[in-house]
>>> print(open('structure-v1.cif').read())   # mmCIF, N, CA and C atoms
data_start
#
loop_
_atom_site.label_atom_id
_atom_site.label_comp_id
_atom_site.auth_asym_id
_atom_site.auth_seq_id
_atom_site.Cartn_x
_atom_site.Cartn_y
_atom_site.Cartn_z
N MET G 1 1.11 -16.21 -9.73
CA MET G 1 -0.11 -16.28 -8.97
C MET G 1 0.11 -15.72 -7.57
N SER G 2 -0.81 -14.93 -7.09
CA SER G 2 -0.70 -14.33 -5.77
C SER G 2 -0.88 -15.38 -4.68
N GLN G 3 -0.16 -15.19 -3.58
CA GLN G 3 -0.25 -16.10 -2.44
C GLN G 3 -1.36 -15.72 -1.46
N ILE G 4 -2.05 -14.59 -1.74
CA ILE G 4 -3.19 -14.16 -0.93
C ILE G 4 -4.19 -13.51 -1.87
N SER G 5 -5.46 -13.77 -1.65
CA SER G 5 -6.49 -13.20 -2.53
C SER G 5 -6.81 -11.76 -2.10
N VAL G 6 -7.45 -11.03 -2.99
CA VAL G 6 -7.90 -9.68 -2.69
C VAL G 6 -8.82 -9.71 -1.46
N ALA G 7 -9.76 -10.64 -1.43
CA ALA G 7 -10.71 -10.74 -0.31
C ALA G 7 -9.99 -11.06 1.00
N GLU G 8 -9.03 -11.98 0.98
CA GLU G 8 -8.29 -12.34 2.18
C GLU G 8 -7.47 -11.16 2.70
N PHE G 9 -6.81 -10.45 1.78
CA PHE G 9 -6.01 -9.30 2.19
C PHE G 9 -6.90 -8.20 2.76
N GLN G 10 -8.02 -7.91 2.09
CA GLN G 10 -8.91 -6.86 2.57
C GLN G 10 -9.45 -7.20 3.96
N ALA G 11 -9.82 -8.46 4.16
CA ALA G 11 -10.31 -8.89 5.48
C ALA G 11 -9.22 -8.72 6.54
N LEU G 12 -7.98 -9.04 6.19
CA LEU G 12 -6.87 -8.90 7.13
C LEU G 12 -6.67 -7.43 7.53
N ILE G 13 -6.59 -6.55 6.56
CA ILE G 13 -6.33 -5.15 6.91
C ILE G 13 -7.55 -4.49 7.56
N ASP G 14 -8.76 -4.91 7.17
CA ASP G 14 -9.95 -4.38 7.83
C ASP G 14 -9.97 -4.73 9.32
N SER G 15 -9.54 -5.94 9.65
CA SER G 15 -9.61 -6.38 11.04
C SER G 15 -8.39 -5.96 11.86
N GLU G 16 -7.24 -5.78 11.23
CA GLU G 16 -6.01 -5.54 11.98
C GLU G 16 -5.45 -4.13 11.88
N LEU G 17 -5.91 -3.34 10.92
CA LEU G 17 -5.39 -1.98 10.74
C LEU G 17 -6.54 -0.98 10.82
N PRO G 18 -6.80 -0.41 11.98
CA PRO G 18 -7.96 0.48 12.17
C PRO G 18 -8.00 1.67 11.21
N LEU G 19 -6.85 2.15 10.77
CA LEU G 19 -6.85 3.32 9.88
C LEU G 19 -7.41 3.02 8.49
N VAL G 20 -7.47 1.74 8.13
CA VAL G 20 -7.98 1.37 6.81
C VAL G 20 -9.40 1.89 6.60
N LYS G 21 -10.25 1.71 7.60
CA LYS G 21 -11.63 2.18 7.47
C LYS G 21 -11.70 3.70 7.49
N LEU G 22 -10.92 4.34 8.36
CA LEU G 22 -10.91 5.79 8.42
C LEU G 22 -10.47 6.39 7.08
N PHE G 23 -9.45 5.80 6.48
CA PHE G 23 -8.93 6.33 5.22
C PHE G 23 -9.69 5.81 4.01
N GLY G 24 -10.59 4.87 4.20
CA GLY G 24 -11.40 4.37 3.08
C GLY G 24 -10.60 3.59 2.05
N MET G 25 -9.69 2.73 2.51
CA MET G 25 -8.85 1.95 1.58
C MET G 25 -9.54 0.68 1.15
N ARG G 26 -9.47 0.41 -0.14
CA ARG G 26 -10.02 -0.82 -0.71
C ARG G 26 -8.97 -1.44 -1.62
N THR G 27 -8.84 -2.74 -1.50
CA THR G 27 -7.90 -3.48 -2.34
C THR G 27 -8.58 -3.79 -3.67
N GLU G 28 -7.94 -3.42 -4.77
CA GLU G 28 -8.51 -3.66 -6.09
C GLU G 28 -7.88 -4.85 -6.79
N ASP G 29 -6.57 -5.07 -6.55
CA ASP G 29 -5.90 -6.17 -7.25
C ASP G 29 -4.64 -6.56 -6.50
N ILE G 30 -4.35 -7.84 -6.47
CA ILE G 30 -3.08 -8.36 -5.98
C ILE G 30 -2.66 -9.46 -6.94
N ALA G 31 -1.44 -9.35 -7.42
CA ALA G 31 -0.85 -10.39 -8.27
C ALA G 31 0.50 -10.76 -7.66
N ASN G 32 1.24 -11.61 -8.30
CA ASN G 32 2.54 -12.01 -7.80
C ASN G 32 3.53 -10.86 -8.03
N GLY G 33 3.74 -10.05 -7.00
CA GLY G 33 4.71 -8.96 -7.09
C GLY G 33 4.12 -7.60 -7.38
N THR G 34 2.80 -7.50 -7.48
CA THR G 34 2.15 -6.20 -7.70
C THR G 34 0.86 -6.14 -6.90
N ALA G 35 0.41 -4.91 -6.67
CA ALA G 35 -0.88 -4.70 -6.00
C ALA G 35 -1.39 -3.31 -6.34
N ARG G 36 -2.71 -3.16 -6.30
CA ARG G 36 -3.35 -1.86 -6.51
C ARG G 36 -4.42 -1.67 -5.45
N LEU G 37 -4.32 -0.55 -4.73
CA LEU G 37 -5.31 -0.18 -3.73
C LEU G 37 -5.86 1.19 -4.06
N ARG G 38 -7.03 1.49 -3.54
CA ARG G 38 -7.69 2.78 -3.74
C ARG G 38 -8.05 3.35 -2.38
N MET G 39 -7.81 4.66 -2.23
CA MET G 39 -8.26 5.37 -1.05
C MET G 39 -9.37 6.32 -1.51
N HIS G 40 -10.57 6.06 -1.05
CA HIS G 40 -11.71 6.89 -1.44
C HIS G 40 -11.58 8.27 -0.84
N PHE G 41 -11.96 9.27 -1.62
CA PHE G 41 -11.85 10.65 -1.16
C PHE G 41 -12.69 10.86 0.10
N ASN G 42 -12.10 11.52 1.09
CA ASN G 42 -12.77 11.84 2.34
C ASN G 42 -12.40 13.27 2.70
N PRO G 43 -13.36 14.19 2.73
CA PRO G 43 -13.03 15.59 3.04
C PRO G 43 -12.37 15.78 4.41
N GLU G 44 -12.49 14.81 5.30
CA GLU G 44 -11.85 14.91 6.60
C GLU G 44 -10.33 14.71 6.52
N LEU G 45 -9.83 14.27 5.37
CA LEU G 45 -8.40 14.06 5.20
C LEU G 45 -7.71 15.22 4.49
N ILE G 46 -8.43 16.32 4.33
CA ILE G 46 -7.85 17.50 3.67
C ILE G 46 -7.09 18.33 4.71
N ARG G 47 -5.91 18.76 4.33
CA ARG G 47 -5.08 19.60 5.20
C ARG G 47 -5.15 21.04 4.71
N PRO G 48 -4.63 21.98 5.48
CA PRO G 48 -4.60 23.37 5.01
C PRO G 48 -3.94 23.46 3.63
N GLY G 49 -4.52 24.24 2.77
CA GLY G 49 -4.05 24.33 1.39
C GLY G 49 -4.91 23.52 0.44
N GLY G 50 -5.86 22.76 1.01
CA GLY G 50 -6.82 22.03 0.18
C GLY G 50 -6.30 20.76 -0.45
N THR G 51 -5.26 20.18 0.11
CA THR G 51 -4.72 18.94 -0.45
C THR G 51 -4.93 17.78 0.52
N ILE G 52 -4.82 16.58 0.01
CA ILE G 52 -4.96 15.38 0.84
C ILE G 52 -3.73 15.29 1.75
N ALA G 53 -3.96 15.02 3.02
CA ALA G 53 -2.88 14.99 4.01
C ALA G 53 -1.84 13.92 3.68
N GLY G 54 -0.58 14.29 3.86
CA GLY G 54 0.52 13.38 3.60
C GLY G 54 0.46 12.09 4.39
N PRO G 55 0.10 12.11 5.69
CA PRO G 55 0.01 10.85 6.42
C PRO G 55 -0.99 9.86 5.82
N ALA G 56 -2.07 10.36 5.25
CA ALA G 56 -3.03 9.46 4.60
C ALA G 56 -2.41 8.84 3.35
N LEU G 57 -1.67 9.64 2.58
CA LEU G 57 -1.01 9.11 1.38
C LEU G 57 0.04 8.08 1.77
N MET G 58 0.78 8.35 2.84
CA MET G 58 1.80 7.40 3.30
C MET G 58 1.16 6.10 3.78
N ALA G 59 0.04 6.20 4.47
CA ALA G 59 -0.66 5.00 4.94
C ALA G 59 -1.12 4.15 3.77
N LEU G 60 -1.64 4.80 2.73
CA LEU G 60 -2.07 4.06 1.53
C LEU G 60 -0.88 3.36 0.88
N ALA G 61 0.23 4.05 0.76
CA ALA G 61 1.42 3.45 0.16
C ALA G 61 1.92 2.27 0.98
N ASP G 62 1.93 2.42 2.31
CA ASP G 62 2.39 1.35 3.19
C ASP G 62 1.49 0.12 3.08
N ALA G 63 0.19 0.34 3.07
CA ALA G 63 -0.75 -0.79 2.92
C ALA G 63 -0.56 -1.47 1.57
N THR G 64 -0.26 -0.70 0.55
CA THR G 64 -0.03 -1.28 -0.78
C THR G 64 1.23 -2.13 -0.79
N LEU G 65 2.29 -1.65 -0.15
CA LEU G 65 3.50 -2.47 -0.06
C LEU G 65 3.25 -3.76 0.71
N TYR G 66 2.43 -3.67 1.75
CA TYR G 66 2.06 -4.86 2.52
C TYR G 66 1.35 -5.86 1.60
N ALA G 67 0.46 -5.38 0.75
CA ALA G 67 -0.23 -6.25 -0.20
C ALA G 67 0.75 -6.88 -1.19
N VAL G 68 1.70 -6.09 -1.67
CA VAL G 68 2.71 -6.61 -2.60
C VAL G 68 3.48 -7.74 -1.94
N VAL G 69 3.95 -7.51 -0.72
CA VAL G 69 4.76 -8.51 -0.01
C VAL G 69 3.93 -9.76 0.27
N LEU G 70 2.72 -9.60 0.81
CA LEU G 70 1.91 -10.79 1.11
C LEU G 70 1.48 -11.51 -0.17
N GLY G 71 1.36 -10.80 -1.25
CA GLY G 71 1.09 -11.45 -2.54
C GLY G 71 2.21 -12.40 -2.94
N MET G 72 3.42 -12.10 -2.46
CA MET G 72 4.58 -12.94 -2.78
C MET G 72 4.80 -14.06 -1.76
N ILE G 73 4.55 -13.78 -0.47
CA ILE G 73 4.92 -14.76 0.57
C ILE G 73 3.72 -15.38 1.27
N GLY G 74 2.52 -14.89 1.01
CA GLY G 74 1.34 -15.40 1.69
C GLY G 74 1.05 -14.62 2.96
N LYS G 75 0.06 -15.08 3.71
CA LYS G 75 -0.40 -14.38 4.91
C LYS G 75 0.60 -14.55 6.05
N VAL G 76 1.50 -13.59 6.12
CA VAL G 76 2.50 -13.54 7.17
C VAL G 76 2.29 -12.20 7.87
N GLU G 77 1.49 -12.22 8.92
CA GLU G 77 1.06 -10.98 9.56
C GLU G 77 2.22 -10.20 10.17
N LEU G 78 3.29 -10.86 10.56
CA LEU G 78 4.40 -10.16 11.19
C LEU G 78 5.43 -9.63 10.21
N ALA G 79 5.13 -9.64 8.92
CA ALA G 79 5.95 -8.88 7.97
C ALA G 79 5.65 -7.42 8.24
N VAL G 80 6.69 -6.63 8.54
CA VAL G 80 6.48 -5.25 8.98
C VAL G 80 7.38 -4.28 8.22
N THR G 81 6.93 -3.05 8.17
CA THR G 81 7.69 -1.99 7.52
C THR G 81 8.94 -1.68 8.34
N THR G 82 10.08 -1.62 7.65
CA THR G 82 11.30 -1.19 8.32
C THR G 82 11.75 0.18 7.82
N SER G 83 11.33 0.56 6.63
CA SER G 83 11.59 1.91 6.14
C SER G 83 10.54 2.28 5.10
N LEU G 84 10.25 3.58 5.04
CA LEU G 84 9.29 4.08 4.06
C LEU G 84 9.71 5.50 3.71
N ASN G 85 9.93 5.75 2.43
CA ASN G 85 10.35 7.06 1.96
C ASN G 85 9.35 7.54 0.91
N ILE G 86 8.87 8.76 1.06
CA ILE G 86 7.89 9.30 0.11
C ILE G 86 8.41 10.61 -0.46
N ASN G 87 8.25 10.75 -1.75
CA ASN G 87 8.54 12.00 -2.45
C ASN G 87 7.22 12.50 -3.01
N PHE G 88 6.76 13.64 -2.50
CA PHE G 88 5.53 14.25 -2.99
C PHE G 88 5.87 15.00 -4.27
N LEU G 89 5.19 14.66 -5.35
CA LEU G 89 5.53 15.20 -6.66
C LEU G 89 4.62 16.34 -7.10
N ARG G 90 3.36 16.27 -6.74
CA ARG G 90 2.41 17.33 -7.09
C ARG G 90 1.22 17.24 -6.15
N LYS G 91 0.48 18.32 -6.06
CA LYS G 91 -0.68 18.40 -5.18
C LYS G 91 -1.82 17.54 -5.74
N PRO G 92 -2.25 16.53 -4.95
CA PRO G 92 -3.37 15.72 -5.44
C PRO G 92 -4.69 16.48 -5.29
N PRO G 93 -5.55 16.40 -6.30
CA PRO G 93 -6.86 17.03 -6.16
C PRO G 93 -7.73 16.27 -5.17
N GLN G 94 -8.84 16.85 -4.82
CA GLN G 94 -9.75 16.25 -3.84
C GLN G 94 -10.59 15.18 -4.52
N GLN G 95 -9.97 14.02 -4.70
CA GLN G 95 -10.65 12.85 -5.28
C GLN G 95 -9.91 11.59 -4.85
N ASP G 96 -10.42 10.43 -5.26
CA ASP G 96 -9.80 9.16 -4.90
C ASP G 96 -8.33 9.15 -5.30
N VAL G 97 -7.54 8.39 -4.53
CA VAL G 97 -6.12 8.18 -4.85
C VAL G 97 -5.92 6.70 -5.11
N ILE G 98 -5.21 6.40 -6.20
CA ILE G 98 -4.90 5.03 -6.59
C ILE G 98 -3.42 4.77 -6.30
N ALA G 99 -3.13 3.64 -5.67
CA ALA G 99 -1.75 3.24 -5.38
C ALA G 99 -1.43 1.98 -6.19
N GLU G 100 -0.34 2.04 -6.93
CA GLU G 100 0.13 0.89 -7.70
C GLU G 100 1.52 0.52 -7.21
N GLY G 101 1.62 -0.66 -6.60
CA GLY G 101 2.88 -1.09 -6.02
C GLY G 101 3.48 -2.27 -6.75
N ARG G 102 4.80 -2.38 -6.61
CA ARG G 102 5.50 -3.54 -7.20
C ARG G 102 6.72 -3.87 -6.37
N ILE G 103 7.12 -5.12 -6.44
CA ILE G 103 8.29 -5.59 -5.73
C ILE G 103 9.53 -5.23 -6.55
N LEU G 104 10.57 -4.79 -5.88
CA LEU G 104 11.85 -4.55 -6.55
C LEU G 104 12.82 -5.69 -6.26
N LYS G 105 12.80 -6.18 -5.01
CA LYS G 105 13.64 -7.31 -4.64
C LYS G 105 13.01 -8.02 -3.46
N LEU G 106 12.90 -9.32 -3.57
CA LEU G 106 12.41 -10.15 -2.48
C LEU G 106 13.52 -11.10 -2.05
N GLY G 107 13.96 -10.93 -0.80
CA GLY G 107 14.95 -11.83 -0.24
C GLY G 107 14.30 -12.70 0.83
N LYS G 108 15.11 -13.45 1.56
CA LYS G 108 14.57 -14.30 2.61
C LYS G 108 14.08 -13.50 3.80
N ARG G 109 14.73 -12.37 4.12
CA ARG G 109 14.38 -11.59 5.31
C ARG G 109 13.91 -10.18 5.01
N LEU G 110 14.17 -9.68 3.79
CA LEU G 110 13.77 -8.31 3.43
C LEU G 110 13.11 -8.29 2.06
N ALA G 111 12.14 -7.41 1.94
CA ALA G 111 11.50 -7.15 0.64
C ALA G 111 11.56 -5.65 0.40
N VAL G 112 11.95 -5.26 -0.80
CA VAL G 112 12.02 -3.85 -1.18
C VAL G 112 11.04 -3.63 -2.32
N GLY G 113 10.24 -2.58 -2.18
CA GLY G 113 9.25 -2.30 -3.21
C GLY G 113 9.07 -0.82 -3.42
N GLU G 114 8.24 -0.50 -4.42
CA GLU G 114 7.92 0.90 -4.69
C GLU G 114 6.45 1.02 -4.99
N VAL G 115 5.92 2.23 -4.75
CA VAL G 115 4.52 2.53 -5.00
C VAL G 115 4.45 3.89 -5.69
N LEU G 116 3.64 3.96 -6.72
CA LEU G 116 3.29 5.24 -7.33
C LEU G 116 1.86 5.54 -6.95
N LEU G 117 1.61 6.76 -6.50
CA LEU G 117 0.27 7.22 -6.14
C LEU G 117 -0.24 8.16 -7.22
N TYR G 118 -1.47 7.93 -7.65
CA TYR G 118 -2.10 8.72 -8.70
C TYR G 118 -3.46 9.22 -8.22
N SER G 119 -3.85 10.40 -8.69
CA SER G 119 -5.24 10.82 -8.52
C SER G 119 -6.06 10.03 -9.52
N ALA G 120 -7.25 9.62 -9.13
CA ALA G 120 -8.11 8.83 -10.02
C ALA G 120 -8.30 9.58 -11.34
N GLY G 121 -8.11 8.85 -12.43
CA GLY G 121 -8.30 9.41 -13.76
C GLY G 121 -7.10 10.14 -14.32
N SER G 122 -5.97 10.16 -13.61
CA SER G 122 -4.78 10.86 -14.07
C SER G 122 -3.64 9.88 -14.29
N ASP G 123 -2.79 10.18 -15.25
CA ASP G 123 -1.58 9.37 -15.50
C ASP G 123 -0.35 9.98 -14.84
N GLU G 124 -0.49 11.14 -14.21
CA GLU G 124 0.62 11.83 -13.58
C GLU G 124 0.68 11.45 -12.10
N PRO G 125 1.78 10.85 -11.65
CA PRO G 125 1.85 10.47 -10.24
C PRO G 125 1.91 11.70 -9.32
N VAL G 126 1.25 11.58 -8.17
CA VAL G 126 1.30 12.63 -7.16
C VAL G 126 2.39 12.35 -6.13
N ALA G 127 2.84 11.09 -6.04
CA ALA G 127 3.92 10.75 -5.10
C ALA G 127 4.58 9.45 -5.55
N HIS G 128 5.87 9.34 -5.19
CA HIS G 128 6.65 8.13 -5.42
C HIS G 128 7.15 7.66 -4.06
N VAL G 129 6.94 6.37 -3.76
CA VAL G 129 7.27 5.83 -2.45
C VAL G 129 8.15 4.60 -2.62
N THR G 130 9.16 4.49 -1.80
CA THR G 130 9.94 3.25 -1.71
C THR G 130 9.89 2.78 -0.27
N GLY G 131 9.95 1.48 -0.11
CA GLY G 131 9.89 0.94 1.24
C GLY G 131 10.52 -0.43 1.34
N THR G 132 10.86 -0.77 2.57
CA THR G 132 11.44 -2.09 2.87
C THR G 132 10.60 -2.74 3.96
N TYR G 133 10.31 -4.01 3.76
CA TYR G 133 9.60 -4.82 4.75
C TYR G 133 10.52 -5.88 5.29
N SER G 134 10.44 -6.12 6.59
CA SER G 134 11.14 -7.21 7.24
C SER G 134 10.22 -8.42 7.22
N ILE G 135 10.77 -9.54 6.82
CA ILE G 135 10.00 -10.78 6.75
C ILE G 135 10.51 -11.71 7.86
N PRO G 136 9.62 -12.15 8.76
CA PRO G 136 10.08 -13.06 9.81
C PRO G 136 10.48 -14.40 9.20
N PRO G 137 11.30 -15.17 9.93
CA PRO G 137 11.66 -16.50 9.42
C PRO G 137 10.39 -17.31 9.14
N LEU G 138 10.35 -17.91 7.96
CA LEU G 138 9.19 -18.71 7.57
C LEU G 138 9.49 -20.19 7.84
N PRO G 139 8.45 -20.97 8.14
CA PRO G 139 8.66 -22.41 8.32
C PRO G 139 9.29 -23.00 7.07
N ASP G 140 10.07 -24.05 7.25
CA ASP G 140 10.80 -24.67 6.14
C ASP G 140 9.90 -25.14 5.01
N ASN G 141 8.65 -25.45 5.31
CA ASN G 141 7.76 -26.01 4.27
C ASN G 141 7.12 -24.92 3.42
N ARG G 142 7.49 -23.65 3.58
CA ARG G 142 6.89 -22.57 2.78
C ARG G 142 7.78 -22.15 1.69
#
>>> encode(input="structure-v1.cif", output="structure tokens")
Amino acid sequence: MSQISVAEFQALIDSELPLVKLFGMRTEDIANGTARLRMHFNPELIRPGGTIAGPALMALADATLYAVVLGMIGKVELAVTTSLNINFLRKPPQQDVIAEGRILKLGKRLAVGEVLLYSAGSDEPVAHVTGTYSIPPLPDNR
């Protein structure tokens, strides 16, 4: 069972991460150790060559990892990214991008996860992302 609901997570990122609205990110699912977010297509995010800009894809992946981590530990706003690595696999078409994240290892102070990014309606990933989150010390009763 997730420690944060889809609605709670979406409200958190809407209020605390200004790029969420610009990039059109919506949380679709959060479970214990997994999450799925969608970035709605926005022609303003197209870079030369007609592809979706890499920084927008990285932001989607990072937000998805945040959802994965909070799904495991609850609303801990100071859990922060310590590393993020992205491998662009193919040019995404001009349409929505789906991010599917999962936890690889959850420790007391670090969480490691991965995200696959897909163009809506495709089974072929456009990018593979790995990342690490730092988790602040939690109260003993958590």
>>> resolve_selection(input="structure-v1.cif", expression="the PyMOL selection byres ((chain G and resi 79-92) around 6)", output="PDB file with N, CA and C atoms, in the coordinates of the input")
ATOM      1  N   THR G  51      -5.260  20.180   0.110  1.00  0.00           N
ATOM      2  CA  THR G  51      -4.720  18.940  -0.450  1.00  0.00           C
ATOM      3  C   THR G  51      -4.930  17.780   0.520  1.00  0.00           C
ATOM      4  N   ILE G  52      -4.820  16.580   0.010  1.00  0.00           N
ATOM      5  CA  ILE G  52      -4.960  15.380   0.840  1.00  0.00           C
ATOM      6  C   ILE G  52      -3.730  15.290   1.750  1.00  0.00           C
ATOM      7  N   VAL G  76       1.500 -13.590   6.120  1.00  0.00           N
ATOM      8  CA  VAL G  76       2.500 -13.540   7.170  1.00  0.00           C
ATOM      9  C   VAL G  76       2.290 -12.200   7.870  1.00  0.00           C
ATOM     10  N   GLU G  77       1.490 -12.220   8.920  1.00  0.00           N
ATOM     11  CA  GLU G  77       1.060 -10.980   9.560  1.00  0.00           C
ATOM     12  C   GLU G  77       2.220 -10.200  10.170  1.00  0.00           C
ATOM     13  N   LEU G  78       3.290 -10.860  10.560  1.00  0.00           N
ATOM     14  CA  LEU G  78       4.400 -10.160  11.190  1.00  0.00           C
ATOM     15  C   LEU G  78       5.430  -9.630  10.210  1.00  0.00           C
ATOM     16  N   PRO G  93      -5.550  16.400  -6.300  1.00  0.00           N
ATOM     17  CA  PRO G  93      -6.860  17.030  -6.160  1.00  0.00           C
ATOM     18  C   PRO G  93      -7.730  16.270  -5.170  1.00  0.00           C
ATOM     19  N   GLN G  94      -8.840  16.850  -4.820  1.00  0.00           N
ATOM     20  CA  GLN G  94      -9.750  16.250  -3.840  1.00  0.00           C
ATOM     21  C   GLN G  94     -10.590  15.180  -4.520  1.00  0.00           C
ATOM     22  N   GLN G  95      -9.970  14.020  -4.700  1.00  0.00           N
ATOM     23  CA  GLN G  95     -10.650  12.850  -5.280  1.00  0.00           C
ATOM     24  C   GLN G  95      -9.910  11.590  -4.850  1.00  0.00           C
ATOM     25  N   PRO G 125       1.780  10.850 -11.650  1.00  0.00           N
ATOM     26  CA  PRO G 125       1.850  10.470 -10.240  1.00  0.00           C
ATOM     27  C   PRO G 125       1.910  11.700  -9.320  1.00  0.00           C
ATOM     28  N   VAL G 126       1.250  11.580  -8.170  1.00  0.00           N
ATOM     29  CA  VAL G 126       1.300  12.630  -7.160  1.00  0.00           C
ATOM     30  C   VAL G 126       2.390  12.350  -6.130  1.00  0.00           C
ATOM     31  N   ALA G 127       2.840  11.090  -6.040  1.00  0.00           N
ATOM     32  CA  ALA G 127       3.920  10.750  -5.100  1.00  0.00           C
ATOM     33  C   ALA G 127       4.580   9.450  -5.550  1.00  0.00           C
ATOM     34  N   HIS G 128       5.870   9.340  -5.190  1.00  0.00           N
ATOM     35  CA  HIS G 128       6.650   8.130  -5.420  1.00  0.00           C
ATOM     36  C   HIS G 128       7.150   7.660  -4.060  1.00  0.00           C
ATOM     37  N   VAL G 129       6.940   6.370  -3.760  1.00  0.00           N
ATOM     38  CA  VAL G 129       7.270   5.830  -2.450  1.00  0.00           C
ATOM     39  C   VAL G 129       8.150   4.600  -2.620  1.00  0.00           C
ATOM     40  N   THR G 130       9.160   4.490  -1.800  1.00  0.00           N
ATOM     41  CA  THR G 130       9.940   3.250  -1.710  1.00  0.00           C
ATOM     42  C   THR G 130       9.890   2.780  -0.270  1.00  0.00           C
ATOM     43  N   GLY G 131       9.950   1.480  -0.110  1.00  0.00           N
ATOM     44  CA  GLY G 131       9.890   0.940   1.240  1.00  0.00           C
ATOM     45  C   GLY G 131      10.520  -0.430   1.340  1.00  0.00           C
ATOM     46  N   THR G 132      10.860  -0.770   2.570  1.00  0.00           N
ATOM     47  CA  THR G 132      11.440  -2.090   2.870  1.00  0.00           C
ATOM     48  C   THR G 132      10.600  -2.740   3.960  1.00  0.00           C
ATOM     49  N   TYR G 133      10.310  -4.010   3.760  1.00  0.00           N
ATOM     50  CA  TYR G 133       9.600  -4.820   4.750  1.00  0.00           C
ATOM     51  C   TYR G 133      10.520  -5.880   5.290  1.00  0.00           C
ATOM     52  N   SER G 134      10.440  -6.120   6.590  1.00  0.00           N
ATOM     53  CA  SER G 134      11.140  -7.210   7.240  1.00  0.00           C
ATOM     54  C   SER G 134      10.220  -8.420   7.220  1.00  0.00           C
ATOM     55  N   ILE G 135      10.770  -9.540   6.820  1.00  0.00           N
ATOM     56  CA  ILE G 135      10.000 -10.780   6.750  1.00  0.00           C
ATOM     57  C   ILE G 135      10.510 -11.710   7.860  1.00  0.00           C
ATOM     58  N   PRO G 136       9.620 -12.150   8.760  1.00  0.00           N
ATOM     59  CA  PRO G 136      10.080 -13.060   9.810  1.00  0.00           C
ATOM     60  C   PRO G 136      10.480 -14.400   9.200  1.00  0.00           C
TER      61      PRO G 136
END
>>> resolve_selection(input="structure-v1.cif", expression="the PyMOL selection byres ((chain G and resi 118) around 6)", output="VMD selection string")
chain G and resid 96 to 99 116 to 117 119 to 120 122 124 to 127
>>> atom_distance(input="structure-v1.cif", atom1="atom N of Asp14 in chain G", atom2="atom N of Asn42 in chain G")
17.8 Å
>>> closest_residue(input="structure-v1.cif", among="G:Pro139, G:Gly107, G:Gly101, G:Gly24", to="Leu65 in chain G", atoms="all atoms listed in the file")
G:Gly101
>>> select_by_dssp(input="structure-v1.cif", residues="chain G", states="alpha helix (DSSP H)", output="VMD selection string")
chain G and resid 6 to 16 19 to 23 54 to 73
